[in-house]
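Trainee: File coords.pdb below, PDB, N, CA and C atoms, pLDDT in the B column:
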```pdb
ATOM      1  N   MET A   1       0.803  -1.194   0.000  1.00 77.00           N
ATOM      2  CA  MET A   1       0.000   0.000   0.000  1.00 77.00           C
ATOM      3  C   MET A   1       0.855   1.272   0.000  1.00 77.00           C
ATOM      4  N   ALA A   2       1.931   1.244   0.740  1.00 84.00           N
ATOM      5  CA  ALA A   2       2.786   2.430   0.815  1.00 84.00           C
ATOM      6  C   ALA A   2       3.351   2.769  -0.557  1.00 84.00           C
ATOM      7  N   HIS A   3       3.673   1.761  -1.334  1.00 84.00           N
ATOM      8  CA  HIS A   3       4.228   1.986  -2.669  1.00 84.00           C
ATOM      9  C   HIS A   3       3.208   2.713  -3.556  1.00 84.00           C
ATOM     10  N   VAL A   4       1.955   2.279  -3.495  1.00 83.00           N
ATOM     11  CA  VAL A   4       0.896   2.915  -4.291  1.00 83.00           C
ATOM     12  C   VAL A   4       0.713   4.355  -3.847  1.00 83.00           C
ATOM     13  N   SER A   5       0.763   4.563  -2.560  1.00 87.00           N
ATOM     14  CA  SER A   5       0.619   5.918  -2.021  1.00 87.00           C
ATOM     15  C   SER A   5       1.765   6.810  -2.487  1.00 87.00           C
ATOM     16  N   ASP A   6       2.997   6.250  -2.478  1.00 85.00           N
ATOM     17  CA  ASP A   6       4.155   7.009  -2.966  1.00 85.00           C
ATOM     18  C   ASP A   6       3.998   7.353  -4.443  1.00 85.00           C
ATOM     19  N   LEU A   7       3.533   6.384  -5.220  1.00 89.00           N
ATOM     20  CA  LEU A   7       3.320   6.630  -6.647  1.00 89.00           C
ATOM     21  C   LEU A   7       2.259   7.703  -6.874  1.00 89.00           C
ATOM     22  N   MET A   8       1.179   7.652  -6.123  1.00 91.00           N
ATOM     23  CA  MET A   8       0.122   8.660  -6.241  1.00 91.00           C
ATOM     24  C   MET A   8       0.658  10.046  -5.880  1.00 91.00           C
ATOM     25  N   GLY A   9       1.507  10.107  -4.867  1.00 88.00           N
ATOM     26  CA  GLY A   9       2.116  11.381  -4.489  1.00 88.00           C
ATOM     27  C   GLY A   9       3.019  11.905  -5.590  1.00 88.00           C
ATOM     28  N   ALA A  10       3.787  11.019  -6.204  1.00 92.00           N
ATOM     29  CA  ALA A  10       4.679  11.419  -7.294  1.00 92.00           C
ATOM     30  C   ALA A  10       3.875  11.905  -8.499  1.00 92.00           C
ATOM     31  N   ILE A  11       2.776  11.224  -8.776  1.00 93.00           N
ATOM     32  CA  ILE A  11       1.916  11.639  -9.879  1.00 93.00           C
ATOM     33  C   ILE A  11       1.332  13.030  -9.595  1.00 93.00           C
ATOM     34  N   GLY A  12       0.920  13.252  -8.367  1.00 92.00           N
ATOM     35  CA  GLY A  12       0.387  14.562  -7.983  1.00 92.00           C
ATOM     36  C   GLY A  12       1.440  15.654  -8.125  1.00 92.00           C
ATOM     37  N   ASP A  13       2.667  15.371  -7.686  1.00 91.00           N
ATOM     38  CA  ASP A  13       3.760  16.344  -7.824  1.00 91.00           C
ATOM     39  C   ASP A  13       4.047  16.643  -9.290  1.00 91.00           C
ATOM     40  N   ALA A  14       4.092  15.592 -10.098  1.00 94.00           N
ATOM     41  CA  ALA A  14       4.373  15.774 -11.520  1.00 94.00           C
ATOM     42  C   ALA A  14       3.258  16.573 -12.192  1.00 94.00           C
ATOM     43  N   SER A  15       2.023  16.334 -11.792  1.00 94.00           N
ATOM     44  CA  SER A  15       0.885  17.065 -12.366  1.00 94.00           C
ATOM     45  C   SER A  15       0.973  18.552 -12.019  1.00 94.00           C
ATOM     46  N   ARG A  16       1.344  18.867 -10.785  1.00 94.00           N
ATOM     47  CA  ARG A  16       1.505  20.270 -10.382  1.00 94.00           C
ATOM     48  C   ARG A  16       2.645  20.927 -11.159  1.00 94.00           C
ATOM     49  N   ASP A  17       3.757  20.209 -11.313  1.00 94.00           N
ATOM     50  CA  ASP A  17       4.881  20.747 -12.089  1.00 94.00           C
ATOM     51  C   ASP A  17       4.476  21.000 -13.541  1.00 94.00           C
ATOM     52  N   GLN A  18       3.741  20.063 -14.101  1.00 96.00           N
ATOM     53  CA  GLN A  18       3.305  20.210 -15.480  1.00 96.00           C
ATOM     54  C   GLN A  18       2.354  21.394 -15.627  1.00 96.00           C
ATOM     55  N   ALA A  19       1.439  21.553 -14.688  1.00 95.00           N
ATOM     56  CA  ALA A  19       0.504  22.680 -14.729  1.00 95.00           C
ATOM     57  C   ALA A  19       1.257  23.998 -14.625  1.00 95.00           C
ATOM     58  N   SER A  20       2.271  24.040 -13.780  1.00 95.00           N
ATOM     59  CA  SER A  20       3.079  25.252 -13.643  1.00 95.00           C
ATOM     60  C   SER A  20       3.811  25.555 -14.947  1.00 95.00           C
ATOM     61  N   GLY A  21       4.377  24.525 -15.557  1.00 96.00           N
ATOM     62  CA  GLY A  21       5.078  24.697 -16.829  1.00 96.00           C
ATOM     63  C   GLY A  21       4.147  25.178 -17.924  1.00 96.00           C
ATOM     64  N   ILE A  22       2.950  24.647 -17.970  1.00 97.00           N
ATOM     65  CA  ILE A  22       1.962  25.068 -18.964  1.00 97.00           C
ATOM     66  C   ILE A  22       1.590  26.533 -18.735  1.00 97.00           C
ATOM     67  N   GLY A  23       1.459  26.922 -17.495  1.00 96.00           N
ATOM     68  CA  GLY A  23       1.167  28.317 -17.181  1.00 96.00           C
ATOM     69  C   GLY A  23       2.280  29.243 -17.642  1.00 96.00           C
ATOM     70  N   GLN A  24       3.522  28.814 -17.473  1.00 97.00           N
ATOM     71  CA  GLN A  24       4.654  29.627 -17.918  1.00 97.00           C
ATOM     72  C   GLN A  24       4.688  29.746 -19.440  1.00 97.00           C
ATOM     73  N   VAL A  25       4.408  28.650 -20.129  1.00 98.00           N
ATOM     74  CA  VAL A  25       4.361  28.681 -21.599  1.00 98.00           C
ATOM     75  C   VAL A  25       3.234  29.595 -22.062  1.00 98.00           C
ATOM     76  N   ASP A  26       2.083  29.513 -21.409  1.00 97.00           N
ATOM     77  CA  ASP A  26       0.945  30.360 -21.762  1.00 97.00           C
ATOM     78  C   ASP A  26       1.309  31.837 -21.591  1.00 97.00           C
ATOM     79  N   ALA A  27       1.956  32.184 -20.492  1.00 98.00           N
ATOM     80  CA  ALA A  27       2.360  33.574 -20.249  1.00 98.00           C
ATOM     81  C   ALA A  27       3.364  34.031 -21.305  1.00 98.00           C
ATOM     82  N   ALA A  28       4.300  33.176 -21.646  1.00 98.00           N
ATOM     83  CA  ALA A  28       5.301  33.526 -22.661  1.00 98.00           C
ATOM     84  C   ALA A  28       4.646  33.740 -24.021  1.00 98.00           C
ATOM     85  N   LEU A  29       3.673  32.911 -24.366  1.00 98.00           N
ATOM     86  CA  LEU A  29       2.970  33.068 -25.647  1.00 98.00           C
ATOM     87  C   LEU A  29       2.149  34.353 -25.675  1.00 98.00           C
ATOM     88  N   ARG A  30       1.536  34.707 -24.550  1.00 98.00           N
ATOM     89  CA  ARG A  30       0.790  35.965 -24.492  1.00 98.00           C
ATOM     90  C   ARG A  30       1.737  37.152 -24.667  1.00 98.00           C
ATOM     91  N   ASP A  31       2.909  37.087 -24.017  1.00 98.00           N
ATOM     92  CA  ASP A  31       3.909  38.153 -24.174  1.00 98.00           C
ATOM     93  C   ASP A  31       4.374  38.241 -25.630  1.00 98.00           C
ATOM     94  N   LEU A  32       4.615  37.106 -26.243  1.00 98.00           N
ATOM     95  CA  LEU A  32       5.057  37.061 -27.636  1.00 98.00           C
ATOM     96  C   LEU A  32       3.992  37.660 -28.559  1.00 98.00           C
ATOM     97  N   ASP A  33       2.735  37.352 -28.291  1.00 98.00           N
ATOM     98  CA  ASP A  33       1.644  37.898 -29.085  1.00 98.00           C
ATOM     99  C   ASP A  33       1.591  39.420 -28.947  1.00 98.00           C
ATOM    100  N   THR A  34       1.767  39.918 -27.737  1.00 98.00           N
ATOM    101  CA  THR A  34       1.756  41.366 -27.510  1.00 98.00           C
ATOM    102  C   THR A  34       2.883  42.044 -28.278  1.00 98.00           C
ATOM    103  N   VAL A  35       4.067  41.465 -28.222  1.00 98.00           N
ATOM    104  CA  VAL A  35       5.215  42.039 -28.933  1.00 98.00           C
ATOM    105  C   VAL A  35       4.992  41.977 -30.443  1.00 98.00           C
ATOM    106  N   THR A  36       4.451  40.878 -30.932  1.00 98.00           N
ATOM    107  CA  THR A  36       4.188  40.731 -32.366  1.00 98.00           C
ATOM    108  C   THR A  36       3.182  41.776 -32.841  1.00 98.00           C
ATOM    109  N   GLN A  37       2.136  42.005 -32.058  1.00 98.00           N
ATOM    110  CA  GLN A  37       1.147  43.018 -32.427  1.00 98.00           C
ATOM    111  C   GLN A  37       1.776  44.408 -32.427  1.00 98.00           C
ATOM    112  N   GLY A  38       2.643  44.675 -31.457  1.00 98.00           N
ATOM    113  CA  GLY A  38       3.343  45.959 -31.420  1.00 98.00           C
ATOM    114  C   GLY A  38       4.245  46.137 -32.631  1.00 98.00           C
ATOM    115  N   ASN A  39       4.942  45.084 -33.010  1.00 98.00           N
ATOM    116  CA  ASN A  39       5.811  45.150 -34.187  1.00 98.00           C
ATOM    117  C   ASN A  39       4.996  45.399 -35.457  1.00 98.00           C
ATOM    118  N   ALA A  40       3.860  44.750 -35.569  1.00 98.00           N
ATOM    119  CA  ALA A  40       3.003  44.949 -36.742  1.00 98.00           C
ATOM    120  C   ALA A  40       2.510  46.391 -36.796  1.00 98.00           C
ATOM    121  N   ARG A  41       2.139  46.929 -35.650  1.00 98.00           N
ATOM    122  CA  ARG A  41       1.675  48.312 -35.588  1.00 98.00           C
ATOM    123  C   ARG A  41       2.793  49.273 -35.994  1.00 98.00           C
ATOM    124  N   GLN A  42       4.008  49.021 -35.488  1.00 98.00           N
ATOM    125  CA  GLN A  42       5.149  49.872 -35.843  1.00 98.00           C
ATOM    126  C   GLN A  42       5.490  49.753 -37.328  1.00 98.00           C
ATOM    127  N   ALA A  43       5.380  48.564 -37.889  1.00 98.00           N
ATOM    128  CA  ALA A  43       5.656  48.381 -39.316  1.00 98.00           C
ATOM    129  C   ALA A  43       4.651  49.176 -40.147  1.00 98.00           C
ATOM    130  N   GLU A  44       3.393  49.155 -39.750  1.00 98.00           N
ATOM    131  CA  GLU A  44       2.367  49.921 -40.460  1.00 98.00           C
ATOM    132  C   GLU A  44       2.647  51.419 -40.353  1.00 98.00           C
ATOM    133  N   GLU A  45       3.027  51.873 -39.177  1.00 98.00           N
ATOM    134  CA  GLU A  45       3.349  53.292 -38.996  1.00 98.00           C
ATOM    135  C   GLU A  45       4.560  53.686 -39.839  1.00 98.00           C
ATOM    136  N   SER A  46       5.551  52.810 -39.901  1.00 98.00           N
ATOM    137  CA  SER A  46       6.743  53.077 -40.716  1.00 98.00           C
ATOM    138  C   SER A  46       6.387  53.155 -42.196  1.00 98.00           C
ATOM    139  N   ALA A  47       5.521  52.263 -42.638  1.00 98.00           N
ATOM    140  CA  ALA A  47       5.099  52.272 -44.043  1.00 98.00           C
ATOM    141  C   ALA A  47       4.366  53.572 -44.365  1.00 98.00           C
ATOM    142  N   GLN A  48       3.500  54.006 -43.455  1.00 97.00           N
ATOM    143  CA  GLN A  48       2.780  55.259 -43.670  1.00 97.00           C
ATOM    144  C   GLN A  48       3.745  56.448 -43.694  1.00 97.00           C
ATOM    145  N   ALA A  49       4.728  56.430 -42.794  1.00 98.00           N
ATOM    146  CA  ALA A  49       5.717  57.514 -42.770  1.00 98.00           C
ATOM    147  C   ALA A  49       6.537  57.526 -44.055  1.00 98.00           C
ATOM    148  N   ALA A  50       6.921  56.360 -44.539  1.00 97.00           N
ATOM    149  CA  ALA A  50       7.690  56.275 -45.785  1.00 97.00           C
ATOM    150  C   ALA A  50       6.871  56.809 -46.957  1.00 97.00           C
ATOM    151  N   LEU A  51       5.584  56.497 -46.969  1.00 96.00           N
ATOM    152  CA  LEU A  51       4.701  56.998 -48.022  1.00 96.00           C
ATOM    153  C   LEU A  51       4.630  58.524 -47.970  1.00 96.00           C
ATOM    154  N   GLY A  52       4.502  59.056 -46.773  1.00 97.00           N
ATOM    155  CA  GLY A  52       4.467  60.505 -46.612  1.00 97.00           C
ATOM    156  C   GLY A  52       5.775  61.161 -47.027  1.00 97.00           C
ATOM    157  N   MET A  53       6.885  60.550 -46.668  1.00 97.00           N
ATOM    158  CA  MET A  53       8.187  61.096 -47.048  1.00 97.00           C
ATOM    159  C   MET A  53       8.371  61.055 -48.562  1.00 97.00           C
ATOM    160  N   SER A  54       7.910  59.997 -49.190  1.00 96.00           N
ATOM    161  CA  SER A  54       8.011  59.881 -50.639  1.00 96.00           C
ATOM    162  C   SER A  54       7.211  60.989 -51.320  1.00 96.00           C
ATOM    163  N   SER A  55       6.023  61.217 -50.801  1.00 95.00           N
ATOM    164  CA  SER A  55       5.183  62.275 -51.346  1.00 95.00           C
ATOM    165  C   SER A  55       5.848  63.635 -51.160  1.00 95.00           C
ATOM    166  N   ASN A  56       6.402  63.871 -49.978  1.00 96.00           N
ATOM    167  CA  ASN A  56       7.087  65.142 -49.711  1.00 96.00           C
ATOM    168  C   ASN A  56       8.308  65.307 -50.603  1.00 96.00           C
ATOM    169  N   ALA A  57       9.026  64.228 -50.849  1.00 96.00           N
ATOM    170  CA  ALA A  57      10.202  64.292 -51.716  1.00 96.00           C
ATOM    171  C   ALA A  57       9.798  64.644 -53.145  1.00 96.00           C
ATOM    172  N   ALA A  58       8.685  64.099 -53.606  1.00 95.00           N
ATOM    173  CA  ALA A  58       8.202  64.409 -54.949  1.00 95.00           C
ATOM    174  C   ALA A  58       7.811  65.882 -55.050  1.00 95.00           C
ATOM    175  N   ILE A  59       7.136  66.386 -54.027  1.00 95.00           N
ATOM    176  CA  ILE A  59       6.754  67.805 -54.006  1.00 95.00           C
ATOM    177  C   ILE A  59       7.999  68.682 -53.990  1.00 95.00           C
ATOM    178  N   LEU A  60       8.980  68.315 -53.178  1.00 94.00           N
ATOM    179  CA  LEU A  60      10.222  69.078 -53.112  1.00 94.00           C
ATOM    180  C   LEU A  60      10.938  69.059 -54.461  1.00 94.00           C
ATOM    181  N   GLY A  61      10.946  67.923 -55.131  1.00 92.00           N
ATOM    182  CA  GLY A  61      11.573  67.807 -56.444  1.00 92.00           C
ATOM    183  C   GLY A  61      10.911  68.731 -57.457  1.00 92.00           C
ATOM    184  N   ARG A  62       9.589  68.776 -57.447  1.00 91.00           N
ATOM    185  CA  ARG A  62       8.870  69.675 -58.366  1.00 91.00           C
ATOM    186  C   ARG A  62       9.140  71.135 -58.012  1.00 91.00           C
ATOM    187  N   THR A  63       9.227  71.439 -56.733  1.00 92.00           N
ATOM    188  CA  THR A  63       9.506  72.811 -56.299  1.00 92.00           C
ATOM    189  C   THR A  63      10.901  73.245 -56.725  1.00 92.00           C
ATOM    190  N   LEU A  64      11.868  72.349 -56.630  1.00 91.00           N
ATOM    191  CA  LEU A  64      13.240  72.685 -57.004  1.00 91.00           C
ATOM    192  C   LEU A  64      13.395  72.915 -58.507  1.00 91.00           C
ATOM    193  N   GLU A  65      12.483  72.397 -59.302  1.00 89.00           N
ATOM    194  CA  GLU A  65      12.540  72.616 -60.751  1.00 89.00           C
ATOM    195  C   GLU A  65      12.488  74.121 -61.074  1.00 89.00           C
ATOM    196  N   PHE A  66      11.840  74.897 -60.238  1.00 84.00           N
ATOM    197  CA  PHE A  66      11.756  76.347 -60.467  1.00 84.00           C
ATOM    198  C   PHE A  66      13.116  77.033 -60.336  1.00 84.00           C
ATOM    199  N   PHE A  67      14.026  76.422 -59.593  1.00 84.00           N
ATOM    200  CA  PHE A  67      15.317  77.052 -59.325  1.00 84.00           C
ATOM    201  C   PHE A  67      16.445  76.547 -60.219  1.00 84.00           C
ATOM    202  N   ARG A  68      16.145  75.643 -61.112  1.00 77.00           N
ATOM    203  CA  ARG A  68      17.191  75.130 -62.015  1.00 77.00           C
ATOM    204  C   ARG A  68      17.528  76.187 -63.050  1.00 77.00           C
ATOM    205  N   LEU A  69      18.805  76.306 -63.375  1.00 66.00           N
ATOM    206  CA  LEU A  69      19.247  77.290 -64.354  1.00 66.00           C
ATOM    207  C   LEU A  69      19.276  76.732 -65.751  1.00 66.00           C
TER
END
```
Show this structure as structure tokens.

Mentor:
Amino acid sequence: MAHVSDLMGAIGDASRDQASGIGQVDAALRDLDTVTQGNARQAEESAQAALGMSSNAAILGRTLEFFRL
């Protein structure tokens, strides 16, 4: 009987360890998702800024045509 009890205790310990590990993986995945969403948002903002800069460069190029000799 003691052997079965020891095995049941070991199974309980292993189950708690596994649950803790799963919780840590879940937290890490949530953090990764947050960072990924932030990166996507920054990439979109960068693309919009690049588009604006391109437009401004084109306007500046047309404006400089007036000053060419």

Trainee: Just the number, please: distance in Å from atom CA of A:Asp13 to atom CA of A:Asp31, one decimal.

Mentor: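 Those two atoms sit 27.3 Å apart.
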
Trainee: Take every atom of stretch 1-7 of chain A listed in the file, pad by 5 Å on each side, and give me the axis-aligned box centre and edge lengths in Å, one decimal, as JSON.

Mentor:
```
{"center_x": 2.1, "center_y": 3.3, "center_z": -3.0, "size_x": 14.2, "size_y": 18.9, "size_z": 17.7}
```

Trainee: What's the separation between atom CA of A:Asp26 and atom N of A:Ile11, in Å to one decimal place?

Mentor: 23.2 Å

Trainee: For atom N of A:Gln24 and atom CA of A:Met8, determine how far apart the two atoms are, in Å to one decimal place.

Mentor: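 Taking atom N of A:Gln24 as the start and atom CA of A:Met8 as the end point, the length is 23.3 Å.
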